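Okay, input-v9.txt is below, compact mmCIF, N, CA and C atoms and all ligand atoms:
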# COMPACT_ATOMS: atom_id res chain seq x y z
N MET A 9 -32.63 92.25 135.44
CA MET A 9 -33.10 91.54 134.24
C MET A 9 -32.56 92.25 132.99
N ARG A 10 -32.23 91.47 132.00
CA ARG A 10 -31.67 92.01 130.76
C ARG A 10 -32.67 92.87 129.99
N TYR A 11 -33.94 92.51 130.09
CA TYR A 11 -34.98 93.19 129.33
C TYR A 11 -35.87 94.03 130.25
N SER A 12 -36.34 95.18 129.74
CA SER A 12 -37.30 96.00 130.46
C SER A 12 -38.66 95.89 129.78
N VAL A 13 -39.69 95.57 130.58
CA VAL A 13 -41.06 95.52 130.07
C VAL A 13 -41.75 96.81 130.52
N LEU A 14 -42.11 97.66 129.57
CA LEU A 14 -42.59 99.01 129.87
C LEU A 14 -43.99 99.22 129.32
N GLU A 15 -44.84 99.85 130.12
CA GLU A 15 -46.19 100.18 129.66
C GLU A 15 -46.10 101.48 128.87
N GLU A 16 -45.82 101.36 127.60
CA GLU A 16 -45.70 102.54 126.74
C GLU A 16 -45.93 102.13 125.29
N THR A 17 -46.23 103.13 124.46
CA THR A 17 -46.44 102.90 123.04
C THR A 17 -45.13 103.14 122.30
N PRO A 18 -44.77 102.27 121.36
CA PRO A 18 -43.55 102.54 120.59
C PRO A 18 -43.72 103.77 119.71
N THR A 19 -42.62 104.36 119.29
CA THR A 19 -42.72 105.43 118.30
C THR A 19 -43.15 104.81 116.97
N ALA A 20 -43.65 105.66 116.07
CA ALA A 20 -44.08 105.16 114.77
C ALA A 20 -42.93 104.47 114.04
N ALA A 21 -41.76 105.06 114.10
CA ALA A 21 -40.60 104.48 113.40
C ALA A 21 -40.22 103.14 114.00
N GLU A 22 -40.23 103.05 115.33
CA GLU A 22 -39.89 101.78 115.99
C GLU A 22 -40.90 100.70 115.62
N TYR A 23 -42.17 101.10 115.63
CA TYR A 23 -43.26 100.16 115.36
C TYR A 23 -43.16 99.59 113.95
N VAL A 24 -42.97 100.48 112.97
CA VAL A 24 -42.86 100.04 111.58
C VAL A 24 -41.66 99.10 111.42
N SER A 25 -40.56 99.45 112.06
CA SER A 25 -39.34 98.66 111.95
C SER A 25 -39.51 97.28 112.58
N LEU A 26 -40.08 97.23 113.80
CA LEU A 26 -40.19 95.92 114.47
C LEU A 26 -41.19 95.01 113.76
N ARG A 27 -42.28 95.58 113.22
CA ARG A 27 -43.20 94.75 112.45
C ARG A 27 -42.47 94.12 111.26
N ARG A 28 -41.62 94.91 110.59
CA ARG A 28 -40.88 94.39 109.44
C ARG A 28 -39.90 93.31 109.88
N ILE A 29 -39.13 93.59 110.92
CA ILE A 29 -38.12 92.64 111.41
C ILE A 29 -38.76 91.32 111.83
N ALA A 30 -39.96 91.40 112.43
CA ALA A 30 -40.64 90.20 112.92
C ALA A 30 -41.43 89.48 111.84
N GLY A 31 -41.45 90.06 110.63
CA GLY A 31 -42.12 89.39 109.51
C GLY A 31 -43.60 89.63 109.43
N LEU A 32 -44.10 90.65 110.14
CA LEU A 32 -45.53 90.98 110.05
C LEU A 32 -45.76 91.89 108.84
N GLY A 33 -47.03 92.00 108.43
CA GLY A 33 -47.37 92.81 107.26
C GLY A 33 -46.95 94.25 107.45
N ALA A 34 -46.57 94.89 106.34
CA ALA A 34 -46.05 96.26 106.41
C ALA A 34 -47.14 97.24 106.83
N ARG A 35 -46.78 98.23 107.64
CA ARG A 35 -47.63 99.37 107.97
C ARG A 35 -46.82 100.62 107.63
N SER A 36 -47.50 101.62 107.04
CA SER A 36 -46.79 102.85 106.71
C SER A 36 -46.55 103.68 107.97
N VAL A 37 -45.56 104.55 107.91
CA VAL A 37 -45.29 105.43 109.05
C VAL A 37 -46.49 106.34 109.29
N ASP A 38 -47.16 106.77 108.20
CA ASP A 38 -48.35 107.61 108.36
C ASP A 38 -49.44 106.85 109.11
N ALA A 39 -49.66 105.60 108.72
CA ALA A 39 -50.67 104.79 109.41
C ALA A 39 -50.32 104.62 110.88
N ALA A 40 -49.03 104.40 111.15
CA ALA A 40 -48.60 104.21 112.55
C ALA A 40 -48.78 105.50 113.35
N ARG A 41 -48.45 106.62 112.74
CA ARG A 41 -48.61 107.91 113.46
C ARG A 41 -50.07 108.17 113.81
N ARG A 42 -50.97 107.78 112.91
CA ARG A 42 -52.39 107.99 113.19
C ARG A 42 -52.92 106.97 114.19
N GLY A 43 -52.45 105.72 114.05
CA GLY A 43 -53.06 104.64 114.82
C GLY A 43 -52.55 104.46 116.23
N LEU A 44 -51.26 104.64 116.44
CA LEU A 44 -50.69 104.32 117.76
C LEU A 44 -51.30 105.12 118.91
N PRO A 45 -51.59 106.42 118.71
CA PRO A 45 -52.20 107.16 119.83
C PRO A 45 -53.58 106.64 120.21
N GLY A 46 -54.20 105.83 119.34
CA GLY A 46 -55.51 105.27 119.65
C GLY A 46 -55.44 103.98 120.45
N SER A 47 -54.25 103.58 120.86
CA SER A 47 -54.12 102.35 121.66
C SER A 47 -54.81 102.52 123.01
N LEU A 48 -55.49 101.47 123.44
CA LEU A 48 -56.01 101.46 124.82
C LEU A 48 -54.88 101.16 125.78
N TYR A 49 -53.98 100.30 125.34
CA TYR A 49 -52.87 99.86 126.21
C TYR A 49 -51.77 99.33 125.30
N ALA A 50 -50.54 99.58 125.68
CA ALA A 50 -49.42 99.08 124.88
C ALA A 50 -48.24 98.74 125.78
N VAL A 51 -47.50 97.75 125.34
CA VAL A 51 -46.31 97.31 126.07
C VAL A 51 -45.13 97.30 125.11
N CYS A 52 -44.01 97.79 125.59
CA CYS A 52 -42.75 97.70 124.84
C CYS A 52 -41.76 96.90 125.68
N VAL A 53 -40.99 96.06 125.02
CA VAL A 53 -39.86 95.39 125.69
C VAL A 53 -38.59 95.95 125.07
N ARG A 54 -37.72 96.42 125.93
CA ARG A 54 -36.50 97.05 125.45
C ARG A 54 -35.27 96.37 126.04
N GLU A 55 -34.22 96.36 125.24
CA GLU A 55 -32.91 95.90 125.71
C GLU A 55 -31.96 97.08 125.51
N GLY A 56 -31.52 97.67 126.60
CA GLY A 56 -30.67 98.84 126.49
C GLY A 56 -31.31 99.97 125.70
N GLY A 57 -32.60 100.13 125.84
CA GLY A 57 -33.32 101.20 125.14
C GLY A 57 -33.85 100.80 123.79
N LYS A 58 -33.32 99.75 123.20
CA LYS A 58 -33.74 99.33 121.86
C LYS A 58 -35.03 98.49 121.94
N LEU A 59 -35.99 98.82 121.09
CA LEU A 59 -37.25 98.06 121.08
C LEU A 59 -37.01 96.68 120.48
N ILE A 60 -37.30 95.63 121.28
CA ILE A 60 -37.13 94.27 120.75
C ILE A 60 -38.42 93.46 120.88
N GLY A 61 -39.46 94.06 121.49
CA GLY A 61 -40.75 93.38 121.58
C GLY A 61 -41.86 94.39 121.85
N MET A 62 -43.07 94.04 121.42
CA MET A 62 -44.20 94.95 121.65
C MET A 62 -45.51 94.19 121.57
N GLY A 63 -46.57 94.84 122.05
CA GLY A 63 -47.92 94.32 121.92
C GLY A 63 -48.88 95.43 122.28
N ARG A 64 -50.08 95.41 121.68
CA ARG A 64 -51.05 96.48 121.93
C ARG A 64 -52.45 95.92 122.09
N ILE A 65 -53.29 96.71 122.74
CA ILE A 65 -54.72 96.44 122.78
C ILE A 65 -55.44 97.66 122.22
N ILE A 66 -56.34 97.40 121.29
CA ILE A 66 -57.19 98.46 120.75
C ILE A 66 -58.65 98.07 121.01
N GLY A 67 -59.55 99.03 120.86
CA GLY A 67 -60.95 98.70 121.04
C GLY A 67 -61.76 99.85 121.58
N ASP A 68 -63.01 99.55 121.98
CA ASP A 68 -63.91 100.60 122.45
C ASP A 68 -63.89 100.77 123.96
N GLY A 69 -63.10 99.95 124.63
CA GLY A 69 -62.95 100.08 126.08
C GLY A 69 -64.08 99.46 126.89
N GLY A 70 -65.09 98.90 126.19
CA GLY A 70 -66.21 98.32 126.93
C GLY A 70 -66.64 96.97 126.38
N CYS A 71 -67.13 97.00 125.13
CA CYS A 71 -67.67 95.76 124.54
C CYS A 71 -66.62 94.93 123.81
N ASN A 72 -65.75 95.62 123.06
CA ASN A 72 -64.84 94.89 122.17
C ASN A 72 -63.40 95.35 122.33
N PHE A 73 -62.52 94.36 122.44
CA PHE A 73 -61.09 94.61 122.55
C PHE A 73 -60.39 93.70 121.53
N GLU A 74 -59.27 94.17 120.98
CA GLU A 74 -58.48 93.33 120.08
C GLU A 74 -57.00 93.43 120.45
N ILE A 75 -56.37 92.30 120.52
CA ILE A 75 -54.92 92.24 120.75
C ILE A 75 -54.23 92.28 119.39
N VAL A 76 -53.33 93.22 119.23
CA VAL A 76 -52.64 93.39 117.94
C VAL A 76 -51.14 93.62 118.17
N ASP A 77 -50.38 93.43 117.08
CA ASP A 77 -48.97 93.83 117.05
C ASP A 77 -48.10 93.12 118.08
N VAL A 78 -48.44 91.89 118.43
CA VAL A 78 -47.55 91.13 119.31
C VAL A 78 -46.38 90.65 118.46
N ALA A 79 -45.20 91.13 118.78
CA ALA A 79 -44.04 90.81 117.96
C ALA A 79 -42.77 90.88 118.80
N VAL A 80 -41.86 89.95 118.51
CA VAL A 80 -40.55 89.91 119.17
C VAL A 80 -39.49 89.79 118.09
N ASP A 81 -38.45 90.57 118.20
CA ASP A 81 -37.31 90.49 117.28
C ASP A 81 -36.82 89.04 117.25
N PRO A 82 -36.68 88.44 116.06
CA PRO A 82 -36.29 87.02 115.98
C PRO A 82 -35.03 86.67 116.78
N ILE A 83 -34.11 87.61 116.91
CA ILE A 83 -32.89 87.34 117.69
C ILE A 83 -33.22 87.05 119.15
N HIS A 84 -34.35 87.56 119.62
CA HIS A 84 -34.70 87.44 121.04
C HIS A 84 -35.88 86.51 121.29
N GLN A 85 -36.32 85.79 120.27
CA GLN A 85 -37.47 84.90 120.45
C GLN A 85 -37.10 83.66 121.25
N ARG A 86 -38.15 82.98 121.74
CA ARG A 86 -38.04 81.74 122.53
C ARG A 86 -37.30 81.93 123.84
N GLN A 87 -37.43 83.12 124.40
CA GLN A 87 -36.85 83.39 125.73
C GLN A 87 -37.91 83.89 126.70
N GLY A 88 -39.17 83.73 126.33
CA GLY A 88 -40.24 84.13 127.23
C GLY A 88 -40.72 85.56 127.07
N ILE A 89 -40.20 86.29 126.09
CA ILE A 89 -40.60 87.69 125.93
C ILE A 89 -42.03 87.80 125.42
N GLY A 90 -42.39 86.98 124.45
CA GLY A 90 -43.77 86.99 123.96
C GLY A 90 -44.75 86.68 125.09
N SER A 91 -44.39 85.75 125.94
CA SER A 91 -45.25 85.41 127.09
C SER A 91 -45.34 86.59 128.05
N ALA A 92 -44.23 87.29 128.28
CA ALA A 92 -44.26 88.46 129.17
C ALA A 92 -45.15 89.55 128.59
N ILE A 93 -45.08 89.75 127.30
CA ILE A 93 -45.95 90.74 126.64
C ILE A 93 -47.41 90.34 126.83
N MET A 94 -47.72 89.08 126.54
CA MET A 94 -49.11 88.63 126.67
C MET A 94 -49.59 88.71 128.12
N GLN A 95 -48.72 88.42 129.08
CA GLN A 95 -49.13 88.52 130.48
C GLN A 95 -49.53 89.95 130.82
N SER A 96 -48.76 90.93 130.33
CA SER A 96 -49.10 92.34 130.59
C SER A 96 -50.44 92.70 129.94
N LEU A 97 -50.65 92.24 128.70
CA LEU A 97 -51.89 92.56 128.00
C LEU A 97 -53.10 91.93 128.72
N VAL A 98 -52.95 90.69 129.13
CA VAL A 98 -54.05 90.00 129.82
C VAL A 98 -54.29 90.62 131.20
N ASP A 99 -53.23 91.03 131.88
CA ASP A 99 -53.40 91.71 133.18
C ASP A 99 -54.21 92.99 133.01
N TYR A 100 -53.90 93.73 131.93
CA TYR A 100 -54.67 94.95 131.66
C TYR A 100 -56.15 94.61 131.44
N LEU A 101 -56.40 93.60 130.61
CA LEU A 101 -57.79 93.24 130.31
C LEU A 101 -58.53 92.79 131.56
N THR A 102 -57.84 92.03 132.40
CA THR A 102 -58.47 91.53 133.62
C THR A 102 -58.90 92.68 134.53
N SER A 103 -58.09 93.74 134.55
CA SER A 103 -58.42 94.86 135.44
C SER A 103 -59.33 95.89 134.78
N ALA A 104 -59.26 96.03 133.44
CA ALA A 104 -59.95 97.14 132.79
C ALA A 104 -61.22 96.76 132.04
N ALA A 105 -61.32 95.53 131.57
CA ALA A 105 -62.47 95.16 130.74
C ALA A 105 -63.64 94.70 131.60
N PRO A 106 -64.85 95.15 131.29
CA PRO A 106 -66.01 94.75 132.08
C PRO A 106 -66.48 93.32 131.75
N ASP A 107 -67.32 92.80 132.61
CA ASP A 107 -67.94 91.50 132.33
C ASP A 107 -68.59 91.54 130.96
N SER A 108 -68.51 90.45 130.23
CA SER A 108 -69.11 90.23 128.91
C SER A 108 -68.27 90.80 127.77
N ALA A 109 -67.19 91.50 128.05
CA ALA A 109 -66.34 92.04 126.98
C ALA A 109 -65.79 90.90 126.12
N TYR A 110 -65.69 91.16 124.82
CA TYR A 110 -65.20 90.16 123.86
C TYR A 110 -63.80 90.59 123.40
N VAL A 111 -62.85 89.69 123.56
CA VAL A 111 -61.46 89.99 123.19
C VAL A 111 -61.06 89.05 122.05
N CYS A 112 -60.63 89.62 120.93
CA CYS A 112 -60.26 88.78 119.80
C CYS A 112 -58.86 89.13 119.33
N LEU A 113 -58.33 88.26 118.49
CA LEU A 113 -57.05 88.49 117.84
C LEU A 113 -56.96 87.59 116.62
N ILE A 114 -56.12 87.97 115.70
CA ILE A 114 -55.81 87.12 114.55
C ILE A 114 -54.42 86.53 114.79
N ALA A 115 -54.35 85.21 114.88
CA ALA A 115 -53.08 84.54 115.18
C ALA A 115 -52.38 84.13 113.88
N ASP A 116 -51.18 84.62 113.69
CA ASP A 116 -50.39 84.18 112.54
C ASP A 116 -49.88 82.76 112.78
N GLN A 117 -49.43 82.12 111.71
CA GLN A 117 -48.89 80.77 111.83
C GLN A 117 -47.78 80.74 112.88
N GLY A 118 -47.81 79.76 113.77
CA GLY A 118 -46.80 79.63 114.81
C GLY A 118 -47.18 80.30 116.11
N ALA A 119 -48.12 81.25 116.04
CA ALA A 119 -48.46 82.01 117.24
C ALA A 119 -49.57 81.40 118.11
N PRO A 120 -50.46 80.54 117.56
CA PRO A 120 -51.55 80.04 118.40
C PRO A 120 -51.09 79.41 119.71
N ALA A 121 -49.95 78.75 119.71
CA ALA A 121 -49.48 78.10 120.95
C ALA A 121 -49.28 79.13 122.05
N LEU A 122 -48.79 80.30 121.68
CA LEU A 122 -48.60 81.37 122.66
C LEU A 122 -49.95 81.82 123.21
N TYR A 123 -50.91 82.06 122.32
CA TYR A 123 -52.20 82.60 122.76
C TYR A 123 -53.02 81.57 123.55
N ARG A 124 -52.87 80.32 123.19
CA ARG A 124 -53.59 79.28 123.92
C ARG A 124 -53.17 79.24 125.39
N LYS A 125 -51.90 79.57 125.63
CA LYS A 125 -51.41 79.57 127.02
C LYS A 125 -52.17 80.58 127.87
N PHE A 126 -52.77 81.57 127.21
CA PHE A 126 -53.48 82.63 127.94
C PHE A 126 -55.00 82.51 127.79
N GLY A 127 -55.47 81.34 127.35
CA GLY A 127 -56.90 81.06 127.37
C GLY A 127 -57.63 81.31 126.07
N PHE A 128 -56.94 81.78 125.03
CA PHE A 128 -57.62 82.03 123.75
C PHE A 128 -57.90 80.70 123.06
N GLU A 129 -59.07 80.65 122.39
CA GLU A 129 -59.49 79.45 121.69
C GLU A 129 -59.83 79.78 120.25
N PHE A 130 -59.69 78.81 119.36
CA PHE A 130 -60.08 79.02 117.97
C PHE A 130 -61.58 79.30 117.89
N THR A 131 -61.96 80.26 117.04
CA THR A 131 -63.38 80.57 116.88
C THR A 131 -64.04 79.61 115.89
N ALA A 132 -63.26 79.07 114.95
CA ALA A 132 -63.81 78.13 113.97
C ALA A 132 -64.15 76.81 114.65
N PRO A 133 -65.19 76.10 114.21
CA PRO A 133 -65.98 76.37 113.01
C PRO A 133 -67.18 77.29 113.24
N LYS A 134 -67.42 77.66 114.51
CA LYS A 134 -68.62 78.49 114.77
C LYS A 134 -68.53 79.81 114.01
N SER A 135 -67.34 80.39 113.99
CA SER A 135 -67.12 81.63 113.24
C SER A 135 -65.70 81.62 112.72
N VAL A 136 -65.44 82.39 111.67
CA VAL A 136 -64.09 82.47 111.11
C VAL A 136 -63.70 83.93 110.97
N GLY A 137 -62.41 84.20 111.11
CA GLY A 137 -61.92 85.55 110.96
C GLY A 137 -61.96 85.97 109.50
N MET A 138 -62.23 87.24 109.25
CA MET A 138 -62.19 87.79 107.90
C MET A 138 -61.44 89.11 107.97
N ALA A 139 -60.78 89.50 106.88
CA ALA A 139 -59.96 90.71 106.92
C ALA A 139 -59.93 91.40 105.57
N LEU A 140 -59.70 92.69 105.59
CA LEU A 140 -59.52 93.50 104.38
C LEU A 140 -58.37 94.44 104.63
N THR A 141 -57.39 94.44 103.74
CA THR A 141 -56.27 95.36 103.86
C THR A 141 -56.45 96.49 102.85
N ILE A 142 -56.39 97.73 103.32
CA ILE A 142 -56.55 98.89 102.43
C ILE A 142 -55.21 99.16 101.75
C1 LIG A 201 -45.16 84.72 118.31
C2 LIG A 201 -44.03 85.45 119.05
C3 LIG A 201 -44.52 86.82 119.49
C4 LIG A 201 -43.62 84.63 120.27
O1 LIG A 201 -42.62 85.36 120.96
P1 LIG A 201 -41.54 84.60 121.85
O2 LIG A 201 -40.78 85.63 122.63
O3 LIG A 201 -40.74 83.69 121.02
O4 LIG A 201 -42.50 83.78 122.80
P2 LIG A 201 -42.11 82.92 124.08
O5 LIG A 201 -40.64 82.66 124.15
O6 LIG A 201 -42.73 83.57 125.27
O7 LIG A 201 -42.84 81.56 123.78
C5 LIG A 201 -44.21 81.47 124.07
C6 LIG A 201 -44.80 80.21 123.49
O8 LIG A 201 -45.06 80.39 122.13
C7 LIG A 201 -44.85 79.16 121.46
N1 LIG A 201 -43.87 79.42 120.44
C8 LIG A 201 -43.10 80.52 120.32
N2 LIG A 201 -42.35 80.43 119.19
C9 LIG A 201 -42.67 79.26 118.61
C10 LIG A 201 -42.22 78.60 117.45
N3 LIG A 201 -41.30 79.12 116.64
N4 LIG A 201 -42.73 77.40 117.16
C11 LIG A 201 -43.64 76.83 117.98
N5 LIG A 201 -44.10 77.42 119.11
C12 LIG A 201 -43.61 78.61 119.41
C13 LIG A 201 -44.46 78.14 122.47
O9 LIG A 201 -45.63 77.50 122.92
C14 LIG A 201 -43.92 79.00 123.57
O10 LIG A 201 -44.10 78.48 124.83
P3 LIG A 201 -42.99 77.49 125.47
O11 LIG A 201 -41.67 78.14 125.25
O12 LIG A 201 -43.43 77.38 126.88
O13 LIG A 201 -43.12 76.24 124.69
C15 LIG A 201 -42.78 85.57 118.15
O14 LIG A 201 -42.44 84.30 117.67
C16 LIG A 201 -42.95 86.52 116.98
O15 LIG A 201 -42.79 87.73 117.11
N6 LIG A 201 -43.25 85.95 115.79
C17 LIG A 201 -43.34 86.75 114.57
C18 LIG A 201 -44.48 87.72 114.61
C19 LIG A 201 -45.78 87.04 114.89
O16 LIG A 201 -46.14 86.03 114.30
N7 LIG A 201 -46.51 87.62 115.85
C20 LIG A 201 -47.79 87.14 116.23
C21 LIG A 201 -48.80 87.81 115.37
S1 LIG A 201 -50.39 87.10 115.65

Can the structure from this file be put into structure tokens for me?
Ligand SMILES: CC(C)(COP(=O)(O)OP(=O)(O)OC[C@H]1O[C@@H](n2cnc3c(N)ncnc32)[C@H](O)[C@@H]1OP(=O)(O)O)[C@@H](O)C(=O)NCCC(=O)NCCS
Amino acid sequence: MRYSVLEETPTAAEYVSLRRIAGLGARSVDAARRGLPGSLYAVCVREGGKLIGMGRIIGDGGCNFEIVDVAVDPIHQRQGIGSAIMQSLVDYLTSAAPDSAYVCLIADQGAPALYRKFGFEFTAPKSVGMALTI
């Protein structure tokens, strides 16, 4: 296979770069250095060693989990890489999360179709997502 799907956390520099390339909000290298080691689970997709896709799960390991940082380099999108990332994340949750655990994510425009394939549903109108950026 052309791509390698690896259970590992990207480096801070790789993470900041891929978020930018994929059009996600900027994260500082300092924030990435502090935050990435706190991942419960992370997946990297590499082509010849180069990071071209990633996804992470953060949370308390019992009650609450959040899927974050799902991103694929635009050059490599629409080839099933996002689905492969989500499959790894959901496989982890299926094996590691206890009954009653709540898994959430914030879906950017264009992404809901991907998440729906893995069983995620809109929370609105019962509840709506809220966010604060420091
Ligand atoms: C969302 C993203 C991760 C999908 O990655 P991908 O490798 O293109 O995903 P896949 O090829 O596995 O496609 C998965 C499904 O997502 C949907 N999808 C992906 N890109 C889409 C697009 N541009 N428009 C509409 N649907 C799209 C489709 O339903 C697709 O399934 P299908 O090919 O069976 O129809 C990628 O587009 C991305 O990184 N976008 C920018 C960053 C971002 O928005 N990340 C999500 C943050 S919540």

As a PyMOL selection string, please: every protein or nucleic acid residue near ligand LIG 201 (chain A) (cut-off 8 Å, counting only C-alpha atoms and all ligand atoms). chain A and resi 27+30-32+61+76-82+84-93+113-123+125

Can you measure atom N of Arg10 of chain A to atom N of Gln95 of chain A for me? One decimal in Å is fine.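 These atoms are spaced 17.0 Å apart.
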
Taking the chain letters and numbering used in this document, name the residues of chain A that DSSP puts in alpha helix (DSSP H), as a PyMOL selection string. chain A and resi 20-29+37-43+89-104+120-124

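Residues in contact range of Tyr110 of chain A, defined as at most 7 Å between only N, CA and C atoms, with sequence neighbours fewer than 3 positions away removed, read Gly70, Cys71, Asn72, Phe73, Glu74 and Asp107 of chain A.
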
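Take atom N of Ile66 of chain A and atom CA of Gly33 of chain A: the distance between them is 17.3 Å.
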
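Among the candidates A:Val111, A:Ile65, A:Leu59, A:Ile29, the one nearest to Ser47 of chain A when counting only C-alpha atoms is A:Ile65.
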
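Proximity to Pro106 of chain A was assessed for A:Asp38, A:Glu22, A:Gly69, A:Gly57 counting only N, CA and C atoms; the smallest distance is recorded for A:Gly69.
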
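Nearest residue to Ala39 of chain A among A:Glu129, A:Gly67, A:Ala20, A:Met138 is A:Ala20, counting only N, CA and C atoms.
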
Could you state the separation of atom C of Ser36 of chain A and atom C of Glu15 of chain A in Å, given to one decimal place?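 Atom C of Ser36 of chain A sits 21.0 Å away from atom C of Glu15 of chain A.
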